[in-house]
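Chemist: One file: entry_39.cif (mmCIF, C-alpha atoms (C1' of nucleotides)).
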data_input
#
loop_
_atom_site.label_atom_id
_atom_site.label_comp_id
_atom_site.auth_asym_id
_atom_site.auth_seq_id
_atom_site.Cartn_x
_atom_site.Cartn_y
_atom_site.Cartn_z
CA MET B 274 77.53 -0.03 -167.39
CA THR B 275 80.29 2.02 -165.75
CA GLU B 276 80.01 3.10 -162.18
CA ARG B 277 79.52 6.70 -163.14
CA LYS B 278 76.77 5.87 -165.58
CA LEU B 279 74.92 3.95 -162.91
CA GLU B 280 75.34 6.91 -160.61
CA ILE B 281 73.79 9.21 -163.20
CA LEU B 282 70.95 6.77 -163.78
CA THR B 283 70.19 6.68 -160.08
CA ILE B 284 70.24 10.45 -159.82
CA ALA B 285 67.95 10.71 -162.83
CA GLN B 286 65.51 8.22 -161.33
CA GLY B 287 65.26 10.32 -158.19
CA LEU B 288 64.39 13.38 -160.24
CA PHE B 289 62.01 11.50 -162.51
CA MET B 290 60.23 10.23 -159.43
CA THR B 291 59.60 13.65 -157.91
CA LYS B 292 59.13 15.77 -161.05
CA GLY B 293 58.13 13.21 -163.65
CA TYR B 294 60.10 12.33 -166.76
CA PRO B 295 58.93 15.07 -169.16
CA ALA B 296 59.29 17.78 -166.55
CA THR B 297 62.84 16.79 -165.70
CA SER B 298 65.38 18.46 -167.94
CA VAL B 299 68.79 17.15 -168.86
CA ARG B 300 70.15 20.22 -167.11
CA ASP B 301 68.32 19.24 -163.92
CA ILE B 302 70.02 15.87 -163.99
CA ALA B 303 73.40 17.41 -164.75
CA LYS B 304 73.06 19.87 -161.90
CA ALA B 305 72.17 17.10 -159.45
CA ALA B 306 75.20 15.16 -160.70
CA GLY B 307 77.42 18.22 -160.22
CA VAL B 308 78.27 18.46 -163.87
CA GLU B 309 77.42 20.47 -167.00
CA ALA B 310 74.56 19.21 -169.14
CA ALA B 311 76.74 18.42 -172.11
CA SER B 312 79.03 16.30 -169.97
CA LEU B 313 76.30 13.75 -169.46
CA TYR B 314 76.62 12.83 -173.10
CA SER B 315 80.01 11.28 -172.40
CA HIS B 316 78.04 8.63 -170.52
CA ILE B 317 74.61 8.37 -172.06
CA ASN B 318 73.20 8.47 -175.56
CA GLY B 319 70.36 10.74 -174.62
CA LYS B 320 67.69 11.49 -172.08
CA GLU B 321 65.47 8.68 -173.24
CA GLU B 322 68.10 6.07 -172.52
CA LEU B 323 67.67 6.84 -168.84
CA LEU B 324 63.96 6.22 -169.04
CA ASP B 325 64.44 3.12 -171.13
CA ARG B 326 66.87 1.49 -168.74
CA THR B 327 64.68 2.37 -165.77
CA CYS B 328 61.63 0.73 -167.29
CA PHE B 329 63.25 -2.36 -168.75
CA ASP B 330 65.64 -3.16 -165.91
CA LEU B 331 62.70 -3.27 -163.54
CA ALA B 332 60.54 -5.16 -166.02
CA GLU B 333 63.20 -7.85 -166.09
CA LYS B 334 63.15 -8.15 -162.33
CA PHE B 335 59.40 -8.63 -162.38
CA GLN B 336 59.65 -11.27 -165.10
CA ASP B 337 62.24 -13.21 -163.18
CA GLY B 338 60.14 -12.98 -160.04
CA ILE B 339 56.92 -14.34 -161.46
CA ALA B 340 58.73 -17.03 -163.45
CA GLU B 341 60.37 -18.29 -160.30
CA VAL B 342 57.07 -18.45 -158.45
CA ASN B 343 55.23 -20.26 -161.22
CA ASP B 344 58.01 -22.79 -161.54
CA ILE B 345 57.56 -24.39 -158.15
CA TYR B 346 54.95 -26.86 -157.05
CA PHE B 347 52.94 -25.19 -154.33
CA ASP B 348 49.22 -24.69 -154.13
CA ALA B 349 47.75 -21.50 -155.53
CA ALA B 350 47.36 -19.77 -152.19
CA GLN B 351 51.03 -20.23 -151.40
CA LYS B 352 51.99 -19.16 -154.91
CA LEU B 353 49.88 -16.04 -154.58
CA LYS B 354 51.49 -15.23 -151.28
CA MET B 355 54.93 -15.62 -152.82
CA ALA B 356 54.06 -13.62 -155.89
CA ILE B 357 52.73 -10.77 -153.78
CA ASP B 358 55.77 -10.87 -151.54
CA THR B 359 58.14 -10.81 -154.47
CA HIS B 360 56.27 -7.98 -156.16
CA VAL B 361 56.21 -5.85 -153.04
CA HIS B 362 59.90 -6.39 -152.41
CA ILE B 363 60.84 -5.42 -155.95
CA LEU B 364 58.76 -2.25 -155.67
CA THR B 365 60.07 -1.21 -152.28
CA ASN B 366 63.68 -2.09 -153.02
CA ASN B 367 63.56 0.08 -156.14
CA ILE B 368 60.99 2.64 -155.14
CA GLU B 369 62.31 5.46 -157.31
CA ALA B 370 62.61 3.32 -160.40
CA ALA B 371 59.24 1.79 -159.59
CA VAL B 372 57.45 5.12 -159.62
CA VAL B 373 58.95 5.93 -163.00
CA PHE B 374 58.14 2.44 -164.23
CA GLN B 375 54.50 2.86 -163.29
CA ARG B 376 53.98 6.43 -164.37
CA ASP B 377 56.33 7.34 -167.20
CA TRP B 378 56.60 4.31 -169.47
CA ARG B 379 54.20 6.13 -171.76
CA HIS B 380 57.03 8.42 -172.79
CA LEU B 381 59.10 5.65 -174.30
CA ASN B 382 59.21 5.83 -178.08
CA ASP B 383 56.58 3.88 -179.98
CA HIS B 384 58.72 0.83 -180.54
CA ARG B 385 59.96 0.45 -177.01
CA ARG B 386 56.57 1.26 -175.58
CA ASN B 387 55.14 -1.69 -177.47
CA ASP B 388 57.85 -3.94 -176.10
CA PHE B 389 57.10 -2.67 -172.65
CA ILE B 390 53.37 -3.29 -172.89
CA GLN B 391 54.05 -6.80 -174.08
CA LEU B 392 56.23 -7.53 -171.06
CA ARG B 393 53.59 -6.08 -168.82
CA ASN B 394 50.89 -8.30 -170.29
CA LYS B 395 53.09 -11.32 -169.90
CA TYR B 396 53.57 -10.49 -166.27
CA GLU B 397 49.86 -10.03 -165.69
CA ASP B 398 49.36 -13.42 -167.31
CA GLY B 399 51.50 -14.91 -164.57
CA PHE B 400 49.03 -13.66 -161.99
CA ARG B 401 46.09 -14.89 -164.02
CA VAL B 402 47.59 -18.35 -164.06
CA ILE B 403 47.82 -18.36 -160.30
CA VAL B 404 44.20 -17.28 -159.88
CA GLN B 405 43.06 -19.89 -162.40
CA ASN B 406 45.06 -22.54 -160.55
CA GLY B 407 43.37 -21.53 -157.33
CA ILE B 408 39.94 -21.96 -158.85
CA ASP B 409 40.86 -25.29 -160.39
CA GLU B 410 42.23 -26.51 -157.08
CA GLY B 411 39.01 -25.46 -155.37
CA LEU B 412 40.84 -22.99 -153.15
CA PHE B 413 39.48 -19.78 -154.69
CA SER B 414 35.88 -18.95 -155.45
CA GLU B 415 34.94 -18.74 -159.10
CA VAL B 416 35.74 -15.14 -159.85
CA ASP B 417 36.44 -13.45 -163.18
CA VAL B 418 40.11 -14.39 -163.53
CA LYS B 419 41.17 -11.38 -165.54
CA PHE B 420 39.40 -8.97 -163.27
CA ALA B 421 40.78 -10.56 -160.12
CA ALA B 422 44.35 -10.49 -161.36
CA LEU B 423 43.95 -6.85 -162.30
CA THR B 424 42.52 -5.94 -158.93
CA ILE B 425 45.28 -7.70 -157.05
CA LEU B 426 47.89 -5.91 -159.12
CA SER B 427 46.10 -2.61 -158.49
CA SER B 428 46.57 -2.94 -154.78
CA LEU B 429 50.19 -3.92 -155.23
CA ASN B 430 51.08 -1.16 -157.62
CA TRP B 431 49.46 1.62 -155.67
CA ILE B 432 52.11 1.05 -153.04
CA VAL B 433 54.44 3.34 -154.92
CA GLU B 434 52.04 6.21 -154.22
CA TRP B 435 52.36 6.01 -150.48
CA TYR B 436 55.29 3.77 -149.54
CA ASP B 437 57.74 5.38 -147.17
CA PRO B 438 60.99 3.48 -146.51
CA LYS B 439 61.01 5.06 -143.06
CA GLY B 440 57.38 4.18 -142.39
CA LYS B 441 56.28 1.74 -139.72
CA LEU B 442 55.46 -1.11 -142.10
CA SER B 443 58.27 -3.19 -143.57
CA ALA B 444 58.00 -4.58 -147.07
CA SER B 445 57.29 -8.03 -145.69
CA GLN B 446 54.55 -6.74 -143.44
CA ILE B 447 52.97 -4.85 -146.31
CA ALA B 448 53.07 -7.99 -148.41
CA GLU B 449 51.48 -10.04 -145.65
CA ASN B 450 48.69 -7.52 -145.13
CA LEU B 451 48.04 -7.43 -148.84
CA PHE B 452 47.88 -11.18 -149.13
CA ASN B 453 45.48 -11.45 -146.21
CA PHE B 454 43.31 -8.73 -147.63
CA THR B 455 43.28 -10.30 -151.06
CA PHE B 456 42.65 -13.79 -149.83
CA THR B 457 40.17 -13.12 -147.05
CA GLY B 458 38.59 -9.74 -147.66
CA LEU B 459 37.08 -7.49 -145.04
CA ARG B 460 34.23 -9.71 -143.96
CA LYS B 461 34.41 -11.13 -140.47
CA MET W 197 32.31 29.16 -167.55
CA THR W 198 31.35 29.84 -171.16
CA GLU W 199 30.53 27.05 -173.53
CA ARG W 200 33.71 27.57 -175.50
CA LYS W 201 35.85 27.52 -172.41
CA LEU W 202 34.34 24.22 -171.35
CA GLU W 203 35.00 22.90 -174.83
CA ILE W 204 38.66 23.88 -174.57
CA LEU W 205 38.90 22.32 -171.12
CA THR W 206 37.51 19.05 -172.43
CA ILE W 207 39.89 19.02 -175.36
CA ALA W 208 42.79 19.73 -173.03
CA GLN W 209 41.80 16.89 -170.73
CA GLY W 210 41.83 14.49 -173.63
CA LEU W 211 45.36 15.52 -174.51
CA PHE W 212 46.52 15.54 -170.91
CA MET W 213 45.22 12.01 -170.56
CA THR W 214 47.16 10.60 -173.49
CA LYS W 215 50.34 12.69 -173.35
CA GLY W 216 50.43 13.85 -169.75
CA TYR W 217 50.22 17.45 -168.60
CA PRO W 218 53.86 18.55 -168.92
CA ALA W 219 54.24 16.94 -172.34
CA THR W 220 51.13 18.65 -173.71
CA SER W 221 51.89 22.08 -175.11
CA VAL W 222 49.51 24.99 -175.36
CA ARG W 223 49.99 24.73 -179.11
CA ASP W 224 48.83 21.10 -179.01
CA ILE W 225 45.65 22.17 -177.30
CA ALA W 226 45.14 25.05 -179.71
CA LYS W 227 45.61 22.79 -182.71
CA ALA W 228 43.08 20.29 -181.38
CA ALA W 229 40.67 23.17 -180.83
CA GLY W 230 41.24 24.42 -184.38
CA VAL W 231 42.67 27.71 -183.28
CA GLU W 232 45.99 29.53 -182.87
CA ALA W 233 47.78 29.13 -179.55
CA ALA W 234 47.47 32.78 -178.61
CA SER W 235 43.72 32.67 -179.14
CA LEU W 236 43.27 30.36 -176.18
CA TYR W 237 44.26 33.20 -173.91
CA SER W 238 40.96 34.93 -174.71
CA HIS W 239 39.36 32.13 -172.73
CA ILE W 240 41.85 30.96 -170.15
CA ASN W 241 44.40 32.61 -167.90
CA GLY W 242 47.09 30.08 -168.66
CA LYS W 243 47.88 26.46 -169.13
CA GLU W 244 47.80 25.74 -165.44
CA GLU W 245 44.21 26.86 -165.10
CA LEU W 246 43.22 23.86 -167.21
CA LEU W 247 45.01 21.49 -164.85
CA ASP W 248 43.64 23.27 -161.82
CA ARG W 249 40.03 23.05 -162.91
CA THR W 250 40.44 19.43 -163.91
CA CYS W 251 41.79 18.45 -160.51
CA PHE W 252 39.47 20.49 -158.32
CA ASP W 253 36.24 19.98 -160.22
CA LEU W 254 36.69 16.25 -159.83
CA ALA W 255 37.82 16.57 -156.23
CA GLU W 256 34.54 18.31 -155.50
CA LYS W 257 32.56 15.47 -157.02
CA PHE W 258 34.38 12.99 -154.84
CA GLN W 259 33.78 15.08 -151.72
CA ASP W 260 30.08 15.33 -152.43
CA GLY W 261 29.90 11.60 -153.07
CA ILE W 262 31.51 10.43 -149.84
CA ALA W 263 29.65 13.03 -147.78
CA GLU W 264 26.35 11.76 -149.11
CA VAL W 265 27.23 8.17 -148.28
CA ASN W 266 28.38 8.93 -144.76
CA ASP W 267 25.26 10.94 -144.07
CA ILE W 268 22.82 8.08 -144.26
CA TYR W 269 22.13 5.42 -141.68
CA PHE W 270 23.04 2.12 -143.24
CA ASP W 271 25.38 -0.51 -141.93
CA ALA W 272 29.03 -0.35 -142.92
CA ALA W 273 28.81 -3.03 -145.59
CA GLN W 274 26.06 -1.15 -147.38
CA LYS W 275 27.92 2.09 -146.99
CA LEU W 276 31.04 0.57 -148.44
CA LYS W 277 29.08 -0.78 -151.36
CA MET W 278 27.64 2.66 -152.02
CA ALA W 279 30.95 4.43 -151.63
CA ILE W 280 32.59 2.08 -154.10
CA ASP W 281 29.72 2.43 -156.54
CA THR W 282 29.84 6.22 -156.34
CA HIS W 283 33.59 6.30 -156.73
CA VAL W 284 33.57 4.03 -159.76
CA HIS W 285 30.84 6.01 -161.43
CA ILE W 286 32.65 9.29 -160.93
CA LEU W 287 35.82 7.80 -162.41
CA THR W 288 34.17 6.21 -165.40
CA ASN W 289 31.90 9.16 -166.16
CA ASN W 290 34.91 11.45 -166.22
CA ILE W 291 37.61 9.09 -167.35
CA GLU W 292 39.81 11.69 -169.04
CA ALA W 293 39.67 14.09 -166.15
CA ALA W 294 40.16 11.17 -163.77
CA VAL W 295 43.43 10.12 -165.36
CA VAL W 296 44.74 13.66 -165.07
CA PHE W 297 43.43 13.90 -161.53
CA GLN W 298 45.33 10.78 -160.54
CA ARG W 299 48.54 11.36 -162.40
CA ASP W 300 49.18 15.07 -162.88
CA TRP W 301 48.06 16.81 -159.69
CA ARG W 302 51.75 16.97 -158.81
CA HIS W 303 52.20 19.71 -161.36
CA LEU W 304 49.88 22.12 -159.60
CA ASN W 305 51.74 25.02 -158.04
CA ASP W 306 52.81 24.60 -154.43
CA HIS W 307 49.82 26.33 -152.93
CA ARG W 308 47.18 24.52 -154.93
CA ARG W 309 48.97 21.22 -154.54
CA ASN W 310 48.68 21.55 -150.79
CA ASP W 311 44.98 22.28 -151.08
CA PHE W 312 44.61 19.25 -153.29
CA ILE W 313 46.41 16.92 -150.92
CA GLN W 314 44.24 18.13 -148.09
CA LEU W 315 41.08 17.33 -150.03
CA ARG W 316 42.48 13.95 -150.88
CA ASN W 317 43.20 13.14 -147.24
CA LYS W 318 39.73 14.24 -146.26
CA TYR W 319 38.29 11.89 -148.82
CA GLU W 320 40.41 8.99 -147.64
CA ASP W 321 39.20 9.71 -144.14
CA GLY W 322 35.68 9.09 -145.36
CA PHE W 323 36.68 5.56 -146.31
CA ARG W 324 38.48 5.05 -143.03
CA VAL W 325 35.34 5.97 -141.16
CA ILE W 326 33.40 3.33 -143.05
CA VAL W 327 35.96 0.64 -142.30
CA GLN W 328 36.06 1.63 -138.64
CA ASN W 329 32.27 1.52 -138.49
CA GLY W 330 32.36 -1.96 -139.96
CA ILE W 331 34.74 -3.15 -137.27
CA ASP W 332 32.71 -1.50 -134.51
CA GLU W 333 29.54 -3.08 -135.84
CA GLY W 334 31.22 -6.48 -135.87
CA LEU W 335 30.80 -6.80 -139.63
CA PHE W 336 34.45 -6.44 -140.60
CA SER W 337 37.42 -8.26 -139.15
CA GLU W 338 39.83 -6.20 -137.12
CA VAL W 339 42.16 -4.97 -139.83
CA ASP W 340 44.50 -1.99 -139.84
CA VAL W 341 41.97 0.70 -140.75
CA LYS W 342 44.36 3.00 -142.54
CA PHE W 343 45.88 0.22 -144.54
CA ALA W 344 42.53 -1.26 -145.50
CA ALA W 345 41.15 2.07 -146.70
CA LEU W 346 44.27 2.62 -148.75
CA THR W 347 44.07 -0.80 -150.32
CA ILE W 348 40.43 -0.41 -151.25
CA LEU W 349 41.15 2.94 -152.84
CA SER W 350 44.09 1.41 -154.71
CA SER W 351 41.82 -1.05 -156.44
CA LEU W 352 39.34 1.68 -157.25
CA ASN W 353 41.84 4.14 -158.60
CA TRP W 354 43.68 1.72 -160.79
CA ILE W 355 40.54 1.52 -162.88
CA VAL W 356 41.67 4.56 -164.81
CA GLU W 357 44.63 2.54 -166.09
CA TRP W 358 42.51 -0.03 -167.87
CA TYR W 359 38.90 1.15 -168.06
CA ASP W 360 37.48 1.09 -171.56
CA PRO W 361 34.06 2.72 -172.03
CA LYS W 362 33.44 0.23 -174.82
CA GLY W 363 34.58 -2.73 -172.73
CA LYS W 364 32.29 -5.54 -171.66
CA LEU W 365 31.96 -4.43 -168.05
CA SER W 366 29.67 -1.54 -167.17
CA ALA W 367 30.56 0.85 -164.37
CA SER W 368 27.98 -0.78 -162.13
CA GLN W 369 29.33 -4.23 -162.82
CA ILE W 370 32.87 -3.11 -162.10
CA ALA W 371 31.70 -1.59 -158.84
CA GLU W 372 29.89 -4.77 -157.86
CA ASN W 373 32.91 -6.93 -158.62
CA LEU W 374 35.12 -4.62 -156.63
CA PHE W 375 32.84 -4.65 -153.65
CA ASN W 376 32.60 -8.42 -153.66
CA PHE W 377 36.33 -8.74 -153.95
CA THR W 378 36.93 -6.26 -151.16
CA PHE W 379 34.35 -7.72 -148.86
CA THR W 380 34.88 -11.41 -149.48
CA GLY W 381 38.34 -11.89 -150.94
CA LEU W 382 39.43 -14.78 -153.10
CA ARG W 383 39.04 -17.60 -150.59
CA LYS W 384 36.30 -20.08 -151.27
"C1'" DA A 286 22.74 53.04 -186.85
"C1'" DA A 287 26.37 53.51 -183.38
"C1'" DG A 288 28.96 51.49 -179.96
"C1'" DT A 289 30.71 47.60 -177.59
"C1'" DT A 290 32.02 43.01 -176.87
"C1'" DT A 291 33.71 38.63 -178.51
"C1'" DG A 292 36.80 35.50 -180.65
"C1'" DC A 293 40.04 35.05 -183.36
"C1'" DC A 294 44.40 36.54 -185.86
"C1'" DT A 295 49.75 37.67 -186.71
"C1'" DA A 296 53.98 38.68 -184.71
"C1'" DA A 297 57.01 38.47 -181.42
"C1'" DC A 298 59.10 37.97 -176.62
"C1'" DG A 299 62.55 35.75 -173.52
"C1'" DA A 300 63.43 31.54 -171.59
"C1'" DA A 301 64.16 26.67 -171.68
"C1'" DT A 302 64.65 22.43 -174.30
"C1'" DG A 303 67.80 18.26 -176.01
"C1'" DT A 304 71.81 17.83 -178.32
"C1'" DT A 305 76.40 18.63 -180.98
"C1'" DA A 306 81.12 20.16 -181.79
"C1'" DG A 307 85.40 20.94 -180.33
"C1'" DT A 308 88.72 21.47 -176.45
"C1'" DT A 309 91.27 20.52 -172.17
"C1'" DA A 310 92.99 18.48 -167.85
"C1'" DT A 311 94.01 14.12 -165.62
"C1'" DG A 312 95.75 9.73 -165.02
"C1'" DA A 313 96.89 4.96 -166.72
"C1'" DC A 314 99.89 2.28 -169.58
"C1'" DA A 315 103.57 1.34 -173.16
"C1'" DT P 201 108.55 9.91 -171.80
"C1'" DG P 202 105.02 9.59 -175.15
"C1'" DT P 203 100.29 7.79 -176.17
"C1'" DC P 204 95.79 7.18 -175.37
"C1'" DA P 205 91.30 7.03 -172.93
"C1'" DT P 206 88.31 9.27 -169.82
"C1'" DA P 207 85.45 12.75 -168.11
"C1'" DA P 208 84.81 16.94 -167.80
"C1'" DC P 209 84.48 21.76 -169.93
"C1'" DT P 210 82.66 26.09 -172.98
"C1'" DA P 211 79.98 27.53 -176.67
"C1'" DA P 212 76.56 27.18 -179.55
"C1'" DC P 213 72.67 25.10 -182.45
"C1'" DA P 214 67.84 24.86 -183.80
"C1'" DT P 215 63.54 24.18 -181.79
"C1'" DT P 216 59.92 24.57 -178.68
"C1'" DC P 217 57.94 26.55 -174.64
"C1'" DG P 218 54.17 29.71 -172.32
"C1'" DT P 219 52.75 34.08 -172.85
"C1'" DT P 220 51.84 39.12 -174.32
"C1'" DA P 221 50.70 42.99 -177.47
"C1'" DG P 222 48.00 44.84 -180.71
"C1'" DG P 223 44.74 44.59 -184.48
"C1'" DC P 224 40.55 43.24 -187.11
"C1'" DA P 225 36.05 41.44 -188.44
"C1'" DA P 226 31.69 39.66 -187.02
"C1'" DA P 227 28.00 39.69 -183.79
"C1'" DC P 228 25.41 41.43 -180.14
"C1'" DT P 229 23.41 45.55 -177.46
"C1'" DT P 230 21.35 49.90 -176.99
#
Before we go any further, please render this structure as structure tokens.
Modeler:
Amino acid sequence: MTERKLEILTIAQGLFMTKGYPATSVRDIAKAAGVEAASLYSHINGKEELLDRTCFDLAEKFQDGIAEVNDIYFDAAQKLKMAIDTHVHILTNNIEAAVVFQRDWRHLNDHRRNDFIQLRNKYEDGFRVIVQNGIDEGLFSEVDVKFAALTILSSLNWIVEWYDPKGKLSASQIAENLFNFTFTGLRK
Amino acid sequence: MTERKLEILTIAQGLFMTKGYPATSVRDIAKAAGVEAASLYSHINGKEELLDRTCFDLAEKFQDGIAEVNDIYFDAAQKLKMAIDTHVHILTNNIEAAVVFQRDWRHLNDHRRNDFIQLRNKYEDGFRVIVQNGIDEGLFSEVDVKFAALTILSSLNWIVEWYDPKGKLSASQIAENLFNFTFTGLRK
DNA sequence: AAGTTTGCCTAACGAATGTTAGTTATGACA
DNA sequence: TGTCATAACTAACATTCGTTAGGCAAACTT
């Protein structure tokens, strides 16, 4: 990917984040890039390529993250802490792409959308494995594994709705809070 | 609202849910309603009215729900349980509207979007009050109130991403699981 | 029975959409 | 100096967008 193409991708992600993919026109992107709409086609194949790269580049980062965590020999609580930390850092380090990733993957074409969903399921499986490990190790109470993994991921993913890079909480602090909340709950 | 108008609104919500608001055309809605696009304008003022009603009708239900919970004299744990139960039932009973409510409120016009955000903040405040009560009553550990309320709502709201009316978990069961998870956490 | 309302129709509007074709200026390399 | 690649341009395309105007038939009201 050339430097200019990456630049355009980044600009597009910023617009997709604030306006949403379908509501962002190629002309919007061109304008933000200081260029005519047609000129973009020297760099990209079409609007959808920008969405595609956004979704799949981030998906790859998530895959790598969870694979790394599940490869090491720690107990489930430590693994969960690491997985949460990794997830939060990926989200906050790529907040614009992350919003698009969460919200606009539906607008991929049928084929790519299927690929995407498959990756997503695989990732969720990684979290299920951790929860199951925790139960087997006697560290976690015997919850519904699928439901628990989903709920943990809910809390993590909602970050993109409120995260502010200039806010008072750093990514690491957010991750720590989330782990504590997930592990311990509200009860005193 | 006439019966036909409500019918059109419901049809629109179904389309908004699957395609998203900006990607759903007036002609799509008309086709699903078995009518020409122009005919819709005998019933509605414009496309945006459909989004507006969807967002604010549901917002009202949420307001009523949290107000009711905070009006009664139970301890914070019971209140939280009720608030979660109410929230989950509103979401699952209006799943199509709920998806639109969560995802597409951004496409309201500036004025209405501000109104919407205000309602949303007010609702979140309701949850913060419950968490604060719990801490004051010595039932909850001394967490960051704002963060905790946000995290609870994250788990609740993500439901719309996976809830299946024909799935094995009923709304009440989902609510119970979520309360247990929130209150107790994973730790054995 | 006469008048009015309702719910739809066809036709068309101007604007915006994603994309293509063909051209031109610039700068690197032989 | 001549050749080629790059990155931009203008112009235009077919299509779709939300919406309006005006008409017509059936159904309800008086």
Chemist: Would you kindly return, as a PyMOL selection string, each protein, DNA or RNA residue with an atom no farther than 10 Å from any atom of range 210-219 of chain P, considering only C-alpha atoms (C1' of nucleotides) and excluding same-chain residues fewer than 4 positions away?
Modeler: (chain B and resi 309+311) or (chain W and resi 221-223+233-234+237+241-243) or (chain A and resi 298-308)
Chemist: For the selection you just gave me, I'd like the residues written to a file as a compact mmCIF listing (two decimals), in the frame of the given file, keeping C-alpha atoms (C1' of nucleotides).
Modeler:
# COMPACT_ATOMS: atom_id res chain seq x y z
CA GLU B 309 77.42 20.47 -167.00
CA ALA B 311 76.74 18.42 -172.11
CA SER W 221 51.89 22.08 -175.11
CA VAL W 222 49.51 24.99 -175.36
CA ARG W 223 49.99 24.73 -179.11
CA ALA W 233 47.78 29.13 -179.55
CA ALA W 234 47.47 32.78 -178.61
CA TYR W 237 44.26 33.20 -173.91
CA ASN W 241 44.40 32.61 -167.90
CA GLY W 242 47.09 30.08 -168.66
CA LYS W 243 47.88 26.46 -169.13
C1' DC A 298 59.10 37.97 -176.62
C1' DG A 299 62.55 35.75 -173.52
C1' DA A 300 63.43 31.54 -171.59
C1' DA A 301 64.16 26.67 -171.68
C1' DT A 302 64.65 22.43 -174.30
C1' DG A 303 67.80 18.26 -176.01
C1' DT A 304 71.81 17.83 -178.32
C1' DT A 305 76.40 18.63 -180.98
C1' DA A 306 81.12 20.16 -181.79
C1' DG A 307 85.40 20.94 -180.33
C1' DT A 308 88.72 21.47 -176.45
Chemist: Go through the shown structure with the PyMOL selection byres ((chain W and resi 368-381) around 10) and write out the matching residues as number ranges by chain.
Modeler: B: 413-414, 416-417, 420-421, 424-425, 452-461; W: 273-274, 276-285, 288, 335-336, 344, 347-348, 351-352, 355, 359, 364-367, 382-384
Chemist: Give me the residues near Arg200 in chain W as a short mmCIF file (atom, residue, chain, number, x, y, z; two decimals) with C-alpha atoms (C1' of nucleotides), keeping the file's coordinate frame, where near means some atom within 12 Å (using all atoms listed in the file) and where sequence neighbours in that chain fewer than 4 positions away do not count.
Modeler:
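Dumped to selection_19.cif:
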data_model
loop_
_atom_site.label_atom_id
_atom_site.label_comp_id
_atom_site.auth_asym_id
_atom_site.auth_seq_id
_atom_site.Cartn_x
_atom_site.Cartn_y
_atom_site.Cartn_z
CA ILE W 204 38.66 23.88 -174.57
CA LEU W 205 38.90 22.32 -171.12
CA THR W 206 37.51 19.05 -172.43
CA ILE W 207 39.89 19.02 -175.36
CA ALA W 229 40.67 23.17 -180.83
CA VAL W 231 42.67 27.71 -183.28
CA SER W 235 43.72 32.67 -179.14
CA LEU W 236 43.27 30.36 -176.18
CA SER W 238 40.96 34.93 -174.71
CA HIS W 239 39.36 32.13 -172.73
CA ILE W 240 41.85 30.96 -170.15
"C1'" DT A 291 33.71 38.63 -178.51
"C1'" DG A 292 36.80 35.50 -180.65
#
Chemist: In Å, with one decimal, what is the gap from CA of Asp398 in chain B to CA of Ile345 in chain B?
Modeler: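 Between CA of Asp398 in chain B and CA of Ile345 in chain B the gap is 16.5 Å.
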Chemist: Could you work out which residues of chain P fall inside 10 Å of chain B? Count all atoms listed in the file, and format the result as a VMD selection string.
Modeler: chain P and resid 206 to 210
Chemist: If I take CA of Asn290 in chain W and CA of Thr250 in chain W, how far is one from the other in Å, to one decimal?
Modeler: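 Taking CA of Asn290 in chain W and CA of Thr250 in chain W, their separation equals 10.0 Å.
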Chemist: How far is it from CA of Gln286 in chain B to CA of Leu324 in chain B, in Å with one decimal?
Modeler: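 Those two atoms sit 8.1 Å apart.
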Chemist: What lies within 8 Å of Phe329 in chain B using all atoms listed in the file, ignoring chain neighbours under 4 positions off, as a PyMOL selection string?
Modeler: chain B and resi 325+333+389
Chemist: Could you tell me which residues the PyMOL selection byres ((chain B and resi 332) around 9) grabs in this file, written as a PyMOL selection string?
Modeler: chain B and resi 327-331+333-337+374+389+392-393+396
Chemist: The selected residues should be written to file as a PDB file, keeping the file's coordinate frame (atoms: C-alpha atoms).
Modeler:
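Output saved as selection27.pdb:
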ATOM      1  CA  THR B 327      64.680   2.370-165.770  1.00  0.00           C
ATOM      2  CA  CYS B 328      61.630   0.730-167.290  1.00  0.00           C
ATOM      3  CA  PHE B 329      63.250  -2.360-168.750  1.00  0.00           C
ATOM      4  CA  ASP B 330      65.640  -3.160-165.910  1.00  0.00           C
ATOM      5  CA  LEU B 331      62.700  -3.270-163.540  1.00  0.00           C
ATOM      6  CA  GLU B 333      63.200  -7.850-166.090  1.00  0.00           C
ATOM      7  CA  LYS B 334      63.150  -8.150-162.330  1.00  0.00           C
ATOM      8  CA  PHE B 335      59.400  -8.630-162.380  1.00  0.00           C
ATOM      9  CA  GLN B 336      59.650 -11.270-165.100  1.00  0.00           C
ATOM     10  CA  ASP B 337      62.240 -13.210-163.180  1.00  0.00           C
ATOM     11  CA  PHE B 374      58.140   2.440-164.230  1.00  0.00           C
ATOM     12  CA  PHE B 389      57.100  -2.670-172.650  1.00  0.00           C
ATOM     13  CA  LEU B 392      56.230  -7.530-171.060  1.00  0.00           C
ATOM     14  CA  ARG B 393      53.590  -6.080-168.820  1.00  0.00           C
ATOM     15  CA  TYR B 396      53.570 -10.490-166.270  1.00  0.00           C
TER      16      TYR B 396
END
Chemist: Quick one: axis-aligned box around all listed atoms of range 419-436 of chain B, 3 Å on every side, centre and edge lengths in Å to one decimal, written as JSON.
Modeler:
{"center_x": 47.3, "center_y": -2.6, "center_z": -157.5, "size_x": 21.9, "size_y": 23.6, "size_z": 22.0}
Chemist: Choose the residue, out of B:Arg385, B:Ala349, B:Ala370, B:Asp377, that has the smallest atom-to-atom separation from Asp409 in chain B; count all atoms listed in the file.
Modeler: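 Distance minimum relative to Asp409 in chain B lands on B:Ala349.
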